[in-house]
Structures are given as structure tokens and as C-alpha cells.
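Source file: upload.txt (compact mmCIF, C-alpha atoms)
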# COMPACT_ATOMS: atom_id res chain seq x y z
CA MET A 401 -33.80 19.08 43.34
CA SER A 402 -33.13 15.46 44.23
CA GLN A 403 -32.66 12.14 42.48
CA SER A 404 -35.68 9.87 41.87
CA PRO A 405 -37.00 7.80 38.96
CA LEU A 406 -38.35 9.83 36.01
CA SER A 407 -41.75 9.25 34.46
CA GLU A 408 -41.72 7.89 30.92
CA GLU A 409 -43.00 11.22 29.57
CA GLU A 410 -40.32 13.20 31.41
CA ARG A 411 -37.61 10.79 30.28
CA LYS A 412 -38.61 11.33 26.62
CA LYS A 413 -38.60 15.11 27.07
CA ARG A 414 -35.13 14.95 28.58
CA GLU A 415 -33.79 12.62 25.92
CA GLU A 416 -34.74 15.30 23.38
CA ARG A 417 -33.32 18.17 25.47
CA PHE A 418 -30.06 16.28 26.09
CA ARG A 419 -29.81 15.05 22.49
CA TYR A 420 -26.39 16.65 21.81
CA VAL A 421 -24.60 15.78 25.04
CA ASP A 422 -22.57 12.78 26.13
CA LEU A 423 -24.72 11.13 28.77
CA ASN A 424 -21.76 9.04 29.93
CA HIS A 425 -20.25 12.11 31.60
CA PRO A 426 -20.94 12.12 35.37
CA LEU A 427 -22.21 15.74 35.33
CA MET A 428 -24.63 15.02 32.51
CA GLN A 429 -25.89 11.91 34.29
CA VAL A 430 -26.66 13.97 37.40
CA LEU A 431 -28.39 16.69 35.37
CA PHE A 432 -30.38 14.18 33.33
CA GLN A 433 -31.70 12.45 36.46
CA MET A 434 -32.25 15.65 38.45
CA GLN A 435 -35.70 16.04 40.00
CA LEU A 436 -37.10 19.49 39.26
CA PRO A 437 -39.36 21.53 41.54
CA ALA A 438 -42.91 22.27 40.36
CA LYS A 439 -42.85 25.09 37.81
CA LYS A 440 -43.97 28.45 39.21
CA GLN A 441 -46.07 30.83 37.15
CA PRO A 442 -43.86 33.74 36.00
CA GLU A 443 -44.56 37.00 37.81
CA GLN A 444 -46.44 39.67 35.89
CA HIS A 445 -44.39 42.65 34.75
CA MET B 1049 -18.81 42.59 0.18
CA SER B 1050 -19.21 39.38 2.20
CA LEU B 1051 -20.86 39.46 5.59
CA THR B 1052 -18.52 39.20 8.59
CA PRO B 1053 -19.17 39.42 12.34
CA GLU B 1054 -17.54 42.87 12.30
CA SER B 1055 -19.63 44.22 9.39
CA LEU B 1056 -22.79 42.87 11.01
CA VAL B 1057 -21.94 44.60 14.29
CA ASN B 1058 -21.25 47.86 12.44
CA LYS B 1059 -24.66 47.58 10.78
CA SER B 1060 -26.28 46.79 14.12
CA LEU B 1061 -24.65 49.80 15.77
CA GLU B 1062 -26.61 52.09 13.46
CA LEU B 1063 -29.63 50.99 15.50
CA VAL B 1064 -28.10 50.32 18.92
CA SER B 1065 -26.28 52.91 21.01
CA PRO B 1066 -23.11 51.81 22.79
CA PRO B 1067 -23.39 51.76 26.59
CA SER B 1068 -21.80 55.20 27.00
CA THR B 1069 -22.61 55.64 30.71
CA TYR B 1070 -21.06 52.24 31.46
CA LEU B 1071 -17.91 53.16 29.53
CA GLN B 1072 -17.58 56.43 31.46
CA LEU B 1073 -18.05 54.58 34.75
CA ASN B 1074 -15.55 51.91 33.83
CA LYS B 1075 -12.98 54.59 33.10
CA LEU B 1076 -13.65 56.23 36.47
CA ILE B 1077 -13.33 52.93 38.36
CA GLN B 1078 -9.89 52.42 36.88
CA ASP B 1079 -8.83 55.96 37.75
CA PRO B 1080 -7.22 55.95 41.22
CA ASP B 1081 -8.06 59.65 41.62
CA SER B 1082 -11.80 59.18 41.12
CA ALA B 1083 -14.22 59.29 44.06
CA PHE B 1084 -17.68 57.83 44.79
CA ASP B 1085 -19.14 61.27 44.09
CA ASP B 1086 -17.74 61.22 40.53
CA ILE B 1087 -19.44 57.89 39.91
CA SER B 1088 -22.79 58.93 41.30
CA ALA B 1089 -22.59 62.20 39.36
CA VAL B 1090 -22.22 60.28 36.08
CA ILE B 1091 -25.19 58.03 36.87
CA ASN B 1092 -27.33 60.98 38.01
CA THR B 1093 -26.89 62.71 34.66
CA ASP B 1094 -29.33 60.05 33.37
CA PRO B 1095 -32.37 60.27 35.69
CA ALA B 1096 -34.16 57.33 34.01
CA LEU B 1097 -31.12 55.13 34.57
CA ALA B 1098 -30.70 56.32 38.17
CA THR B 1099 -34.38 55.57 38.90
CA ARG B 1100 -34.11 52.12 37.35
CA LEU B 1101 -30.95 51.29 39.33
CA LEU B 1102 -32.61 52.32 42.58
CA LYS B 1103 -35.59 50.13 41.69
CA ILE B 1104 -33.24 47.18 41.14
CA VAL B 1105 -31.23 47.62 44.33
CA ASN B 1106 -34.46 48.03 46.33
CA SER B 1107 -35.99 44.89 44.80
CA PRO B 1108 -36.55 41.57 46.60
CA PHE B 1109 -33.61 40.20 44.58
CA TYR B 1110 -31.23 42.16 46.80
CA GLY B 1111 -33.54 42.06 49.81
CA PHE B 1112 -31.90 44.89 51.76
CA PRO B 1113 -33.79 45.61 54.98
CA SER B 1114 -34.05 49.39 54.48
CA GLN B 1115 -34.83 51.62 51.52
CA ILE B 1116 -31.89 52.88 49.40
CA ASN B 1117 -32.86 56.33 48.19
CA THR B 1118 -29.76 57.67 46.46
CA ILE B 1119 -27.15 56.41 44.02
CA SER B 1120 -24.38 57.35 46.50
CA ARG B 1121 -25.98 55.08 49.09
CA ALA B 1122 -26.38 52.30 46.50
CA ILE B 1123 -22.67 52.55 45.70
CA THR B 1124 -21.80 52.29 49.39
CA ILE B 1125 -23.96 49.21 49.83
CA ILE B 1126 -23.43 47.13 46.69
CA GLY B 1127 -20.11 48.60 45.54
CA THR B 1128 -19.02 50.47 42.43
CA ARG B 1129 -18.27 47.39 40.33
CA GLU B 1130 -21.60 45.70 40.89
CA LEU B 1131 -23.50 48.93 40.27
CA THR B 1132 -21.50 49.50 37.09
CA HIS B 1133 -22.40 45.99 35.94
CA LEU B 1134 -26.07 46.76 36.56
CA VAL B 1135 -25.66 49.87 34.40
CA LEU B 1136 -24.24 47.72 31.60
CA ALA B 1137 -26.96 45.07 31.95
CA THR B 1138 -29.71 47.70 31.93
CA SER B 1139 -28.20 49.43 28.90
CA VAL B 1140 -27.97 46.19 26.91
CA ILE B 1141 -31.54 45.13 27.78
CA ASN B 1142 -32.84 48.53 26.69
CA ALA B 1143 -30.67 48.64 23.56
CA PHE B 1144 -32.13 45.42 22.20
CA ARG B 1145 -35.80 45.93 23.00
CA GLY B 1146 -37.85 45.51 19.84
CA ILE B 1147 -36.66 42.08 18.71
CA PRO B 1148 -39.90 40.54 17.36
CA ALA B 1149 -41.68 37.98 19.54
CA SER B 1150 -42.37 35.97 16.38
CA LEU B 1151 -38.61 35.25 16.25
CA ILE B 1152 -37.96 34.59 19.94
CA ASP B 1153 -39.67 35.24 23.25
CA MET B 1154 -37.29 37.80 24.76
CA ASP B 1155 -38.52 37.13 28.30
CA ASP B 1156 -37.34 33.52 27.79
CA PHE B 1157 -34.06 34.78 26.31
CA TRP B 1158 -33.36 37.05 29.29
CA ARG B 1159 -34.54 34.42 31.79
CA HIS B 1160 -31.84 32.12 30.41
CA SER B 1161 -29.27 34.93 30.62
CA PHE B 1162 -30.24 35.95 34.18
CA ALA B 1163 -30.13 32.31 35.29
CA THR B 1164 -26.69 31.88 33.68
CA ALA B 1165 -25.56 35.04 35.51
CA ILE B 1166 -26.75 33.80 38.92
CA THR B 1167 -25.35 30.30 38.26
CA ALA B 1168 -21.97 31.63 37.11
CA LYS B 1169 -21.64 33.71 40.27
CA LEU B 1170 -22.57 30.74 42.49
CA LEU B 1171 -20.14 28.45 40.64
CA ALA B 1172 -17.38 31.06 41.02
CA GLU B 1173 -18.02 31.19 44.77
CA GLU B 1174 -17.96 27.37 44.85
CA CYS B 1175 -14.57 27.47 43.05
CA GLY B 1176 -13.17 29.95 45.59
CA GLN B 1177 -12.90 32.80 43.10
CA LYS B 1178 -12.66 36.38 44.36
CA ALA B 1179 -14.65 39.39 43.02
CA THR B 1180 -17.42 37.06 41.89
CA GLU B 1181 -19.67 39.87 40.63
CA ARG B 1182 -17.72 39.81 37.35
CA PHE B 1183 -19.02 36.27 36.73
CA PHE B 1184 -22.58 37.54 37.06
CA ILE B 1185 -22.20 40.07 34.23
CA ALA B 1186 -20.21 37.56 32.13
CA GLY B 1187 -23.08 35.07 32.42
CA LEU B 1188 -25.66 37.73 31.73
CA LEU B 1189 -24.00 38.88 28.51
CA HIS B 1190 -22.59 35.58 27.18
CA ASN B 1191 -25.18 35.49 24.37
CA ILE B 1192 -24.92 39.16 23.44
CA GLY B 1193 -24.04 38.11 19.88
CA SER B 1194 -27.42 36.38 19.51
CA LEU B 1195 -29.11 39.75 20.08
CA VAL B 1196 -27.24 41.23 17.12
CA LEU B 1197 -28.17 38.24 14.95
CA TYR B 1198 -31.84 38.45 15.96
CA GLN B 1199 -31.93 42.15 15.34
CA SER B 1200 -29.93 42.41 12.11
CA LEU B 1201 -30.47 39.02 10.44
CA PRO B 1202 -33.90 37.93 11.72
CA GLU B 1203 -34.69 35.61 8.81
CA LEU B 1204 -31.39 33.69 8.88
CA ALA B 1205 -31.32 33.64 12.68
CA GLY B 1206 -34.89 32.30 12.61
CA GLU B 1207 -33.81 29.55 10.24
CA ALA B 1208 -31.02 28.60 12.67
CA ILE B 1209 -33.51 28.50 15.57
CA ARG B 1210 -35.89 26.26 13.60
CA THR B 1211 -33.02 24.00 12.51
CA ALA B 1212 -31.92 23.63 16.13
CA GLU B 1213 -35.47 22.80 17.12
CA PHE B 1214 -36.26 20.31 14.39
CA GLY B 1215 -32.92 19.35 12.84
CA HIS B 1216 -29.77 17.65 13.99
CA GLU B 1217 -27.56 20.55 15.04
CA VAL B 1218 -27.29 22.79 18.06
CA GLN B 1219 -28.03 26.44 17.36
CA PHE B 1220 -24.46 27.73 17.07
CA GLN B 1221 -23.62 25.00 14.56
CA ALA B 1222 -26.75 25.85 12.54
CA GLU B 1223 -25.72 29.53 12.58
CA GLN B 1224 -22.25 28.63 11.27
CA ARG B 1225 -23.76 26.64 8.39
CA ILE B 1226 -26.54 29.10 7.50
CA ILE B 1227 -24.87 32.47 8.17
CA GLY B 1228 -21.18 31.56 7.93
CA PHE B 1229 -20.39 32.39 11.56
CA ASP B 1230 -22.17 32.08 14.90
CA HIS B 1231 -23.33 34.25 17.79
CA THR B 1232 -20.06 33.74 19.70
CA GLU B 1233 -18.05 35.47 16.96
CA VAL B 1234 -20.63 38.25 16.71
CA GLY B 1235 -20.62 38.64 20.49
CA TYR B 1236 -16.85 38.96 20.47
CA ALA B 1237 -16.99 41.58 17.71
CA LEU B 1238 -19.63 43.59 19.59
CA ALA B 1239 -17.77 43.36 22.92
CA ARG B 1240 -14.60 44.61 21.21
CA GLN B 1241 -16.45 47.40 19.41
CA TRP B 1242 -18.00 48.50 22.70
CA HIS B 1243 -14.63 48.26 24.52
CA LEU B 1244 -16.05 45.86 27.10
CA PRO B 1245 -13.48 44.25 29.45
CA HIS B 1246 -11.29 41.56 27.89
CA SER B 1247 -12.79 38.88 30.18
CA LEU B 1248 -16.27 39.59 28.76
CA GLN B 1249 -14.87 39.44 25.23
CA GLU B 1250 -13.35 36.02 25.92
CA VAL B 1251 -16.56 34.67 27.46
CA ALA B 1252 -18.68 35.91 24.55
CA ARG B 1253 -16.24 34.33 22.09
CA TYR B 1254 -15.44 30.97 23.71
CA HIS B 1255 -18.36 29.92 25.90
CA HIS B 1256 -19.14 27.03 23.51
CA ARG B 1257 -15.48 26.02 23.02
CA PRO B 1258 -13.80 26.97 26.29
CA SER B 1259 -10.59 25.02 25.67
CA GLU B 1260 -9.69 27.53 22.94
CA ALA B 1261 -9.71 30.52 25.32
CA GLU B 1262 -6.20 31.90 25.73
CA ASP B 1263 -7.10 34.36 28.48
CA PHE B 1264 -9.51 34.10 31.42
CA PRO B 1265 -9.94 30.30 31.08
CA ILE B 1266 -11.71 30.08 34.46
CA ASP B 1267 -14.24 32.79 33.53
CA VAL B 1268 -14.93 31.06 30.23
CA ALA B 1269 -15.18 27.59 31.81
CA ILE B 1270 -17.55 28.84 34.51
CA VAL B 1271 -19.94 30.46 32.02
CA HIS B 1272 -19.69 27.39 29.73
CA VAL B 1273 -20.78 25.14 32.61
CA ALA B 1274 -23.39 27.64 33.86
CA ASP B 1275 -24.97 27.75 30.38
CA ILE B 1276 -25.21 23.95 30.38
CA LEU B 1277 -26.65 23.71 33.91
CA VAL B 1278 -29.27 26.36 33.14
CA SER B 1279 -30.21 24.69 29.83
CA ALA B 1280 -30.63 21.35 31.60
CA VAL B 1281 -33.39 22.60 33.95
CA PRO B 1282 -34.29 24.65 31.79
CA PHE B 1283 -34.58 28.27 32.96
CA GLY B 1284 -35.82 30.06 29.84
CA HIS B 1285 -33.94 29.54 26.59
CA SER B 1286 -31.81 31.62 24.27
CA GLY B 1287 -33.18 30.20 21.02
CA ASP B 1288 -32.22 26.56 21.43
CA ASN B 1289 -34.14 24.19 23.70
CA HIS B 1290 -31.25 21.71 23.77
CA VAL B 1291 -28.46 21.42 26.31
CA PRO B 1292 -25.23 22.49 24.58
CA PRO B 1293 -22.37 19.94 24.50
CA LEU B 1294 -20.07 19.92 27.54
CA ASP B 1295 -16.32 20.36 27.14
CA PRO B 1296 -15.07 17.87 29.77
CA ALA B 1297 -11.76 19.76 30.12
CA ALA B 1298 -13.63 22.90 31.22
CA TRP B 1299 -15.53 20.92 33.85
CA ASP B 1300 -12.30 19.30 35.08
CA LEU B 1301 -10.62 22.72 35.28
CA LEU B 1302 -13.20 23.86 37.84
CA ALA B 1303 -12.69 20.77 40.04
CA LEU B 1304 -16.32 20.84 41.19
CA ASN B 1305 -18.45 18.00 42.53
CA GLU B 1306 -21.30 17.20 40.14
CA LEU B 1307 -23.46 15.99 43.04
CA GLN B 1308 -23.59 19.58 44.37
CA MET B 1309 -25.10 20.95 41.16
CA PRO B 1310 -28.78 20.15 41.85
CA LEU B 1311 -28.58 22.08 45.12
CA LEU B 1312 -26.88 24.99 43.37
CA LEU B 1313 -29.63 25.02 40.72
CA GLN B 1314 -32.22 25.04 43.47
CA GLN B 1315 -30.64 28.28 44.74
CA VAL B 1316 -30.83 29.68 41.21
CA GLY B 1317 -34.53 28.74 41.10
CA GLU B 1318 -35.09 30.70 44.31
CA GLN B 1319 -33.50 33.87 42.86
CA ILE B 1320 -34.44 33.88 39.19
CA ASP B 1321 -38.03 35.17 39.38
CA ARG B 1322 -37.01 38.05 41.63
CA LEU B 1323 -34.23 39.09 39.26
CA SER B 1324 -36.25 38.65 36.04
CA SER B 1325 -39.20 40.58 37.34
CA VAL B 1326 -37.19 43.66 38.31
CA MET B 1327 -34.80 43.63 35.34
CA LEU B 1328 -37.51 43.24 32.70
CA THR B 1329 -40.00 45.75 34.08
CA GLN B 1330 -40.43 48.55 31.56
CA ASP B 1331 -40.35 52.05 33.02
CA GLU B 1332 -43.60 53.98 32.80
CA SER B 1333 -43.21 57.02 30.59

Once more with this new file: its structure as C-alpha cells, please.
Amino acid sequence: MSQSPLSEEERKKREERFRYVDLNHPLMQVLFQMQLPAKKQPEQH
Amino acid sequence: MSLTPESLVNKSLELVSPPSTYLQLNKLIQDPDSAFDDISAVINTDPALATRLLKIVNSPFYGFPSQINTISRAITIIGTRELTHLVLATSVINAFRGIPASLIDMDDFWRHSFATAITAKLLAEECGQKATERFFIAGLLHNIGSLVLYQSLPELAGEAIRTAEFGHEVQFQAEQRIIGFDHTEVGYALARQWHLPHSLQEVARYHHRPSEAEDFPIDVAIVHVADILVSAVPFGHSGDNHVPPLDPAAWDLLALNELQMPLLLQQVGEQIDRLSSVMLTQDES
């Protein structure tokens, strides 16, 4: 998970997910900008 | 009579058995005269539990190179405390099966809990804590109060979930307004009723307001931060798709570097599917 610019769609999704946090906090800034790996399909169980 | 966290837990306990094997094991661990054989004997009195534990310790999550065929061997390899925590986790997952999927996807709920468990343990290691397996179980059970709400008050809990999704409150605030108390207070009441360790009681009670914890402030702060990290990715969800508010004092207490968190979450991502798949597999009967 690295830092790189977010797409507009992803930015909107994150703005909703991070709606209740203070984005001025350094930790929240890192988490907001974090690049996520491609989502894996959950294993069957 | 008005509804309280304690009365709700009492009502819930008519449907959910306390984790009796875990309580017996916990007593044995604290008894200096007890031996490994006493612990394996208690687990072996429940063959379904013993089979499940062996399945977990032989899973890719642990990744041991050779097969572990007996509980005694499992104790030698992963230790009594970690095995006892697996007993508690397994008991809680089984106790709360049957929460309707129309209310919440329980695979998502447990995925969030497992990810919080793995994250809490990694954060504890990063902070230089010892006996980090206790952070794993604290993370895994931090939302235990939500299970009681979903089981015993499905309509009101559902309203809180929908409010969190579409309204202007996080889930625990919606619960306070709609029910009169939230899952942290219910979790605390259940942990007390079940005689779980005091550290787990504190985490269940204060993981959304860690600065109020009088005891085990590090445990509470670690699970508070783990919950936030996991919600930011997100790995599953416990009813609320939003990242809960951070208590900056809890973050400062841990003295961690925020730039290390993406790497730590990558490690969580590498472990979560292996843990979820073995923990959520239903035994064939």
C-alpha cells in the first residue's frame, strides 16, 4: 500500500467513508491517501 | 422496567451459553499447580472443539511445516494462552451464529473483527509490548456487544445501522440515541457477566473513547487505533461503513509512526483471508 493520486471516484468514496474523522490529523491523512491492493475474491467456506 | 446493558445481556444469555471451557482453562492457567495435561484433558472433553482447534492450528494462517495431531502438541507449539484464546474465539463465533443476514452480513462482521485482531497484535509488537497474543483476542472481541444487540434487539440495532449508513452519526452514537446505550456498554456487561479478563472488559467498554479507560490504557488505545486502521481500508465491517473518530491522545500514547501504517495494513491483508477462512468454516455434522 503506497501513496499515489486517487481517482475522482475513489476520492468520493473515501470522503464518505472518512466523513466523521478529522482529516487534519497526520494518521488520517496517511490512511485517506493510502493506495490499496486489488481486492481479492473471498475464499469459499 | 427500563432496558439496561445488564438486563439485555441477561436476556441474551437465555439464548447464548457462556464459554465454559474457556473459563475452566483460564482458571487452570492461573493455577501454578496445573500441568499441560490438565489443559489438554479439558479441551479433549469436547471432541468438536478439539477437532476445530486442530483444524485452526494446522491451517495456512499458522503455516507450521508439519501436521499437529494432538491438543498436547498444539499446546507445546502455540502455547496455552494462545490456544485458550482460540477456544474463546471459537466459542463466541459459535454462540452467535444465527444472526439474520438481513440485519448484517456476519462474514463481513467477523472479517472486521479478525482484521482488528491481527492489526492489534502487529501494533502491539510495533509498540514493544510483551505477550502480544492478548491483543489479538482483545481486537477479535472488541465488538462483542454488537452481537448481543443484533441478536436481542434486531429492529433497533437495524435502525442504528441504517442511520449510520444514511444519516449523520456513527453507529455507536446512533445506538445511544435509539436504544439509550451503545454496543460498548453492552460488551462490557457481557464481558463482566462471562468473567472475561479485566483487560478485555476495558477494551470492550472504551474502544471508542480510550481516554476514559482507567486500566489497561495501552490495550484500549491499540484496539482503538486498530479498529480505525481496519475501517479505513476497509476489511469487512461491523455494521458501520464509516471510519470511527480517532482520539488523538490514544494515538500519541502509542508513539507510532503513521507512515508505517500502510505497510502494517499490507501485512494484515496477507493474513486476513487465511484466518477468516479457517475460523468461519462450519463443521460438518

Skip Pro405 (chain A) itself and residues of its chain fewer than 2 positions away, then list as a list in words all residues within 10 Å of it, counting only C-alpha atoms.
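Contacts, in chain order: Gln403, Ser407, Glu408, Glu410, Arg411, Gln433, Met434 and Gln435 of chain A.
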
Closest atom pairs, chain B residues within 8 Å of chain A, only C-alpha atoms, as JSON lines:
{"residue": "B:Glu1217", "atom": "CA", "partner": "A:Tyr420", "partner_atom": "CA", "distance": 7.9}
{"residue": "B:Val1218", "atom": "CA", "partner": "A:Tyr420", "partner_atom": "CA", "distance": 7.3}
{"residue": "B:Leu1277", "atom": "CA", "partner": "A:Leu431", "partner_atom": "CA", "distance": 7.4}
{"residue": "B:Ala1280", "atom": "CA", "partner": "A:Leu431", "partner_atom": "CA", "distance": 6.4}
{"residue": "B:Val1281", "atom": "CA", "partner": "A:Leu436", "partner_atom": "CA", "distance": 7.2}
{"residue": "B:Asn1289", "atom": "CA", "partner": "A:Arg417", "partner_atom": "CA", "distance": 6.3}
{"residue": "B:His1290", "atom": "CA", "partner": "A:Arg417", "partner_atom": "CA", "distance": 4.4}
{"residue": "B:Val1291", "atom": "CA", "partner": "A:Phe418", "partner_atom": "CA", "distance": 5.4}
{"residue": "B:Pro1292", "atom": "CA", "partner": "A:Tyr420", "partner_atom": "CA", "distance": 6.6}
{"residue": "B:Pro1293", "atom": "CA", "partner": "A:Val421", "partner_atom": "CA", "distance": 4.8}
{"residue": "B:Leu1294", "atom": "CA", "partner": "A:Val421", "partner_atom": "CA", "distance": 6.6}
{"residue": "B:Pro1296", "atom": "CA", "partner": "A:His425", "partner_atom": "CA", "distance": 8.0}
{"residue": "B:Glu1306", "atom": "CA", "partner": "A:Leu427", "partner_atom": "CA", "distance": 5.1}
{"residue": "B:Leu1307", "atom": "CA", "partner": "A:Val430", "partner_atom": "CA", "distance": 6.8}
{"residue": "B:Met1309", "atom": "CA", "partner": "A:Leu431", "partner_atom": "CA", "distance": 7.9}
{"residue": "B:Pro1310", "atom": "CA", "partner": "A:Met401", "partner_atom": "CA", "distance": 5.3}
{"residue": "B:Leu1311", "atom": "CA", "partner": "A:Met401", "partner_atom": "CA", "distance": 6.3}
{"residue": "B:Leu1313", "atom": "CA", "partner": "A:Met401", "partner_atom": "CA", "distance": 7.7}
{"residue": "B:Gln1314", "atom": "CA", "partner": "A:Met401", "partner_atom": "CA", "distance": 6.2}
{"residue": "B:Asp1321", "atom": "CA", "partner": "A:Pro442", "partner_atom": "CA", "distance": 6.9}
{"residue": "B:Ser1325", "atom": "CA", "partner": "A:His445", "partner_atom": "CA", "distance": 6.2}
{"residue": "B:Leu1328", "atom": "CA", "partner": "A:His445", "partner_atom": "CA", "distance": 7.2}
{"residue": "B:Thr1329", "atom": "CA", "partner": "A:His445", "partner_atom": "CA", "distance": 5.4}
{"residue": "B:Gln1330", "atom": "CA", "partner": "A:His445", "partner_atom": "CA", "distance": 7.8}

Keeping only C-alpha atoms, write those residues as an mmCIF file, in the frame of the given file.
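Ended up saving to part_1.cif:
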data_model
loop_
_atom_site.group_PDB
_atom_site.id
_atom_site.type_symbol
_atom_site.label_atom_id
_atom_site.label_comp_id
_atom_site.auth_asym_id
_atom_site.auth_seq_id
_atom_site.Cartn_x
_atom_site.Cartn_y
_atom_site.Cartn_z
ATOM 1 C CA GLU B 1217 -27.560 20.550 15.040
ATOM 2 C CA VAL B 1218 -27.290 22.790 18.060
ATOM 3 C CA LEU B 1277 -26.650 23.710 33.910
ATOM 4 C CA ALA B 1280 -30.630 21.350 31.600
ATOM 5 C CA VAL B 1281 -33.390 22.600 33.950
ATOM 6 C CA ASN B 1289 -34.140 24.190 23.700
ATOM 7 C CA HIS B 1290 -31.250 21.710 23.770
ATOM 8 C CA VAL B 1291 -28.460 21.420 26.310
ATOM 9 C CA PRO B 1292 -25.230 22.490 24.580
ATOM 10 C CA PRO B 1293 -22.370 19.940 24.500
ATOM 11 C CA LEU B 1294 -20.070 19.920 27.540
ATOM 12 C CA PRO B 1296 -15.070 17.870 29.770
ATOM 13 C CA GLU B 1306 -21.300 17.200 40.140
ATOM 14 C CA LEU B 1307 -23.460 15.990 43.040
ATOM 15 C CA MET B 1309 -25.100 20.950 41.160
ATOM 16 C CA PRO B 1310 -28.780 20.150 41.850
ATOM 17 C CA LEU B 1311 -28.580 22.080 45.120
ATOM 18 C CA LEU B 1313 -29.630 25.020 40.720
ATOM 19 C CA GLN B 1314 -32.220 25.040 43.470
ATOM 20 C CA ASP B 1321 -38.030 35.170 39.380
ATOM 21 C CA SER B 1325 -39.200 40.580 37.340
ATOM 22 C CA LEU B 1328 -37.510 43.240 32.700
ATOM 23 C CA THR B 1329 -40.000 45.750 34.080
ATOM 24 C CA GLN B 1330 -40.430 48.550 31.560
#

What separation in Å, quoted to one decimal, exists between CA of Val1271 (chain B) and CA of Trp1242 (chain B)?
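Result for CA of Val1271 (chain B) versus CA of Trp1242 (chain B): 20.4 Å, one decimal.
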
Just the number, please: distance in Å from CA of Ile1270 (chain B) to CA of Ala1222 (chain B), one decimal.
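Separation of CA of Ile1270 (chain B) and CA of Ala1222 (chain B): 24.0 Å.
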
CA of Glu1223 (chain B) to CA of Ser1055 (chain B): how many Å, to one decimal?
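It comes out at 16.2 Å.
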
So which residues touch region 1255-1257 of chain B within 9 Å, counting all atoms listed in the file, skipping near sequence neighbours fewer than 5 positions away, as a PyMOL selection string?
chain B and resi 1190-1191+1220+1232+1250+1268-1273+1275+1292-1295+1298
